[in-house]
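The structure under discussion appears below in the form of structure tokens.
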Amino acid sequence: MRTTKATLPITTLLASLLALPLHATVQLPDQLEYKGDTFPLTISPLALHFAMNPELKPAEGLITPSILRGYVATLGLENDVLVLNALNIERLDERDGCKINEVDIIDQQYPDQISRTLNWFSGVIPLAIHHASQKNQVIYADPEGLVAYDYLLLHIESGQLVKRELMSQTQYQAYHQQQFEQYKDTAQYQTQRQQLQQHGNLSAQDVEQLIFQQNSFSLLAVQPQPRAAKNAEKIAQPKSTTPAPASSS
């Protein structure tokens with residue numbers, strides 16, 4: 001359990017679907033446990049879910065400069081299914097109001113394994129390979145030694161891992177820009193852009209840069225351009241056990 005000195009909560013947040021704070025404080029990221037490594041995430045997979053289901057969002061977590069969303073989620077993959085392993089919030093110490101304790105409330109919020117399965121999530125989760133252990137970095141390396149891979153992209157459909165894809169820094173930057181260009185055509189982007197301009201008195205260029213840096217558009221299941229087969233590995237899905245309907249004669 002982590003204990004820190006209390007700080008004043010940030011109360012001025014934008015009321016957009018994917019809230020874009022105007023504060024410069026570095027945020028504690030959500031994380032994903034995968035093949036023995038823990039990767040910090042550049043997206044918050046639960047953000048959209050909580051935005052659409054506000055009654056499910058933890059109400060007791062403190063809003064501090066480093067955790068504006070009020071929680072830190074730890075995800076994992078079990079048999080290629082995306083699950084929630086922990087949901088940590090910060091809470092004032094009952095005996096010392098000048099201390100903040102970090103508490104895992106997953107048993108309280110999601111009491112059974114079924115509720116912890118994120119079958120509502122579809123999107124692409126990028127993992128920076130340099131956060132992996134040395135053993136796994138070797139596994140993610142190009143066997144021909146021609147490309148230095150920097151990212152492992154996990155393609156998720158309805159909570160199921162369907163493809164893993166390796167990308168170099170250059171490939172990922174191009175893919176990331178492609179995502180953003182497609183996001184700019186959505187209603188969510190227009191809402192964010194208008195609210196940021198009204199709230200922060202920012203120029204159109206500043207707003208676009210801020211949204212790009214926030215990276216919330218990565219929640220979209222935008223597919224990259226086709227690449228060489230060696231870069232991507234499709235995950236075999238379990239065969240359906242539902243019997244085929246009998247043919248009528």
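Within each chain, counting starts at residue 1; across the structure tokens, chains are named A, B, ... in the order shown, with ligands numbered 1 upward in that order.
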* To do: Going by DSSP on the backbone, which bits of region 18-113 of chain A are alpha helix (DSSP H)? Write them as a count of residues only, please.
  => 12
* Asked: Skipping near chain neighbours, those fewer than 6 positions away, what residues fall within 10 Å of Phe212 (chain A) using only C-alpha atoms, listed as an NGL selection string?
  -> :A and (176-177 or 179-181 or 183-184 or 206 or 218)
Let's have the selection written as a PDB file, in the first residue's frame, with N, CA, C and O atoms.
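Wrote it out as selection-v6.pdb, contents follow:
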```pdb
ATOM      1  N   HIS A 176      -0.217   5.788 -35.938  1.00  0.00           N
ATOM      2  CA  HIS A 176      -0.785   6.686 -34.934  1.00  0.00           C
ATOM      3  C   HIS A 176      -1.411   7.906 -35.611  1.00  0.00           C
ATOM      4  O   HIS A 176      -2.518   8.333 -35.257  1.00  0.00           O
ATOM      5  N   GLN A 177      -0.721   8.458 -36.604  1.00  0.00           N
ATOM      6  CA  GLN A 177      -1.251   9.603 -37.335  1.00  0.00           C
ATOM      7  C   GLN A 177      -2.499   9.210 -38.117  1.00  0.00           C
ATOM      8  O   GLN A 177      -3.471   9.980 -38.206  1.00  0.00           O
ATOM      9  N   GLN A 179      -4.666   6.894 -37.272  1.00  0.00           N
ATOM     10  CA  GLN A 179      -5.743   6.838 -36.293  1.00  0.00           C
ATOM     11  C   GLN A 179      -6.321   8.232 -36.038  1.00  0.00           C
ATOM     12  O   GLN A 179      -7.539   8.424 -36.000  1.00  0.00           O
ATOM     13  N   PHE A 180      -5.421   9.194 -35.849  1.00  0.00           N
ATOM     14  CA  PHE A 180      -5.860  10.541 -35.506  1.00  0.00           C
ATOM     15  C   PHE A 180      -6.667  11.164 -36.642  1.00  0.00           C
ATOM     16  O   PHE A 180      -7.683  11.835 -36.403  1.00  0.00           O
ATOM     17  N   GLU A 181      -6.214  10.965 -37.876  1.00  0.00           N
ATOM     18  CA  GLU A 181      -6.934  11.538 -39.009  1.00  0.00           C
ATOM     19  C   GLU A 181      -8.341  10.962 -39.098  1.00  0.00           C
ATOM     20  O   GLU A 181      -9.295  11.675 -39.431  1.00  0.00           O
ATOM     21  N   TYR A 183     -10.011   9.776 -36.496  1.00  0.00           N
ATOM     22  CA  TYR A 183     -10.713  10.262 -35.314  1.00  0.00           C
ATOM     23  C   TYR A 183     -11.267  11.668 -35.538  1.00  0.00           C
ATOM     24  O   TYR A 183     -12.339  12.020 -35.027  1.00  0.00           O
ATOM     25  N   LYS A 184     -10.565  12.465 -36.326  1.00  0.00           N
ATOM     26  CA  LYS A 184     -10.995  13.845 -36.574  1.00  0.00           C
ATOM     27  C   LYS A 184     -12.328  13.902 -37.320  1.00  0.00           C
ATOM     28  O   LYS A 184     -12.984  14.943 -37.354  1.00  0.00           O
ATOM     29  N   ASP A 206      -3.628  24.602 -31.510  1.00  0.00           N
ATOM     30  CA  ASP A 206      -3.284  24.162 -30.157  1.00  0.00           C
ATOM     31  C   ASP A 206      -4.216  23.042 -29.697  1.00  0.00           C
ATOM     32  O   ASP A 206      -3.780  22.074 -29.056  1.00  0.00           O
ATOM     33  N   SER A 218      -6.914   6.596 -29.480  1.00  0.00           N
ATOM     34  CA  SER A 218      -6.438   5.230 -29.642  1.00  0.00           C
ATOM     35  C   SER A 218      -7.449   4.210 -29.139  1.00  0.00           C
ATOM     36  O   SER A 218      -7.271   3.015 -29.328  1.00  0.00           O
TER      37      SER A 218
END
```
* To do: Find the spatial neighbours of region 139-149 of chain A, counting only C-alpha atoms, within a cut-off of 10 Å - ignore same-chain residues fewer than 5 positions away - and output them as a ChimeraX atom specification.
  => /A:128-130,132-134,165-172,230-231
Keeping only N, CA and C atoms, write those residues as a PDB file, in the first residue's frame.
```
ATOM      1  N   ALA A 128       4.850  -0.564 -25.534  1.00  0.00           N
ATOM      2  CA  ALA A 128       6.229  -0.201 -25.876  1.00  0.00           C
ATOM      3  C   ALA A 128       7.154  -1.337 -25.450  1.00  0.00           C
ATOM      4  N   ILE A 129       7.855  -1.925 -26.404  1.00  0.00           N
ATOM      5  CA  ILE A 129       8.650  -3.125 -26.150  1.00  0.00           C
ATOM      6  C   ILE A 129       9.771  -2.866 -25.157  1.00  0.00           C
ATOM      7  N   HIS A 130      10.267  -1.633 -25.064  1.00  0.00           N
ATOM      8  CA  HIS A 130      11.397  -1.399 -24.155  1.00  0.00           C
ATOM      9  C   HIS A 130      11.002  -1.586 -22.689  1.00  0.00           C
ATOM     10  N   ALA A 132       9.497  -4.297 -21.756  1.00  0.00           N
ATOM     11  CA  ALA A 132       9.501  -5.748 -21.558  1.00  0.00           C
ATOM     12  C   ALA A 132      10.821  -6.210 -20.960  1.00  0.00           C
ATOM     13  N   SER A 133      10.788  -7.397 -20.393  1.00  0.00           N
ATOM     14  CA  SER A 133      12.009  -7.994 -19.867  1.00  0.00           C
ATOM     15  C   SER A 133      12.960  -8.310 -21.021  1.00  0.00           C
ATOM     16  N   GLN A 134      14.231  -8.514 -20.695  1.00  0.00           N
ATOM     17  CA  GLN A 134      15.218  -8.800 -21.729  1.00  0.00           C
ATOM     18  C   GLN A 134      14.859 -10.078 -22.471  1.00  0.00           C
ATOM     19  N   GLU A 165       0.706  -7.515 -33.488  1.00  0.00           N
ATOM     20  CA  GLU A 165       1.433  -6.911 -34.600  1.00  0.00           C
ATOM     21  C   GLU A 165       2.623  -6.120 -34.082  1.00  0.00           C
ATOM     22  N   LEU A 166       3.777  -6.355 -34.665  1.00  0.00           N
ATOM     23  CA  LEU A 166       4.997  -5.645 -34.302  1.00  0.00           C
ATOM     24  C   LEU A 166       5.224  -4.478 -35.258  1.00  0.00           C
ATOM     25  N   MET A 167       5.669  -3.347 -34.704  1.00  0.00           N
ATOM     26  CA  MET A 167       5.931  -2.168 -35.523  1.00  0.00           C
ATOM     27  C   MET A 167       7.216  -1.483 -35.066  1.00  0.00           C
ATOM     28  N   SER A 168       7.896  -0.908 -36.017  1.00  0.00           N
ATOM     29  CA  SER A 168       9.033  -0.054 -35.699  1.00  0.00           C
ATOM     30  C   SER A 168       8.499   1.306 -35.264  1.00  0.00           C
ATOM     31  N   GLN A 169       9.376   2.169 -34.777  1.00  0.00           N
ATOM     32  CA  GLN A 169       8.969   3.512 -34.371  1.00  0.00           C
ATOM     33  C   GLN A 169       8.348   4.270 -35.541  1.00  0.00           C
ATOM     34  N   THR A 170       8.969   4.165 -36.711  1.00  0.00           N
ATOM     35  CA  THR A 170       8.465   4.863 -37.897  1.00  0.00           C
ATOM     36  C   THR A 170       7.097   4.340 -38.304  1.00  0.00           C
ATOM     37  N   GLN A 171       6.924   3.011 -38.297  1.00  0.00           N
ATOM     38  CA  GLN A 171       5.640   2.422 -38.657  1.00  0.00           C
ATOM     39  C   GLN A 171       4.555   2.831 -37.664  1.00  0.00           C
ATOM     40  N   TYR A 172       4.907   2.846 -36.387  1.00  0.00           N
ATOM     41  CA  TYR A 172       3.908   3.187 -35.376  1.00  0.00           C
ATOM     42  C   TYR A 172       3.497   4.655 -35.477  1.00  0.00           C
ATOM     43  N   LYS A 230       4.973 -11.289 -41.761  1.00  0.00           N
ATOM     44  CA  LYS A 230       5.834 -11.625 -40.628  1.00  0.00           C
ATOM     45  C   LYS A 230       5.654 -10.654 -39.468  1.00  0.00           C
ATOM     46  N   ASN A 231       5.074  -9.480 -39.732  1.00  0.00           N
ATOM     47  CA  ASN A 231       4.880  -8.493 -38.670  1.00  0.00           C
ATOM     48  C   ASN A 231       3.667  -8.778 -37.818  1.00  0.00           C
TER      49      ASN A 231
END
```
* Asked: Got a sec: who's within 10 Å of Ile106 (chain A), counting only C-alpha atoms, leaving out chain neighbours fewer than 2 positions off, as a ChimeraX atom specification?
  -> /A:58,73,84-89,103-104,108-112,116
* **Best match for closeness to Leu153 (chain A) among A:Asp37, A:Ile125, A:Tyr175, A:Gly70, counting only C-alpha atoms** =>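 Of the candidates, the smallest distance to Leu153 (chain A) is held by A:Ile125.
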* Residue nearest Ala204 (chain A) among A:Gln192, A:Asn53, A:Gln31, A:Phe39 (counting only C-alpha atoms) -> A:Gln192
* Could you give me, as a list in words, the residues within 8 Å of Ala47 (chain A), counting only C-alpha atoms and dropping anything in the same chain fewer than 3 positions from it? =>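 Counting only C-alpha atoms, the residues come to Leu18, Ser44, Phe50, Ala51 and Arg69 of chain A.
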* **region 47-219 of chain A: residues DSSP assigns to strand (DSSP E), reported as a ChimeraX atom specification** => /A:72-78,81-92,99-104,123-128,151-157,160-167
* To do: Considering only C-alpha atoms, state which residue in the set A:Val162, A:Ile211, A:Leu82, A:Leu77 is at the smallest distance from Leu196 (chain A).
  => A:Ile211
* Top pick for closest residue to Leu32 (chain A), considering A:Leu75, A:Leu46, A:Leu56, A:Val207 and counting only C-alpha atoms ->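 Ranking A:Leu75, A:Leu46, A:Leu56, A:Val207 by distance to Leu32 (chain A), first place goes to A:Leu75.
Between CA of Gln182 (chain A) and CA of Glu208 (chain A) the interatomic distance comes to 13.1 Å.
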* Which value, in Å to one decimal, gives the distance between CA of Trp120 (chain A) and CA of Ser66 (chain A)? ->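 Value for the CA of Trp120 (chain A)-CA of Ser66 (chain A) distance: 27.0 Å.
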* **Interatomic distance, CA of Gly76 (chain A) to CA of Leu118 (chain A) (Å, one decimal)** => 10.0 Å
* To do: Write out as JSON, numbers by chain which residues come within 9 Å of Pro126 (chain A) when counting only C-alpha atoms, dropping same-chain ones fewer than 4 positions away.
  => {"A": [41, 42, 43, 151, 152, 153, 154, 155, 218]}
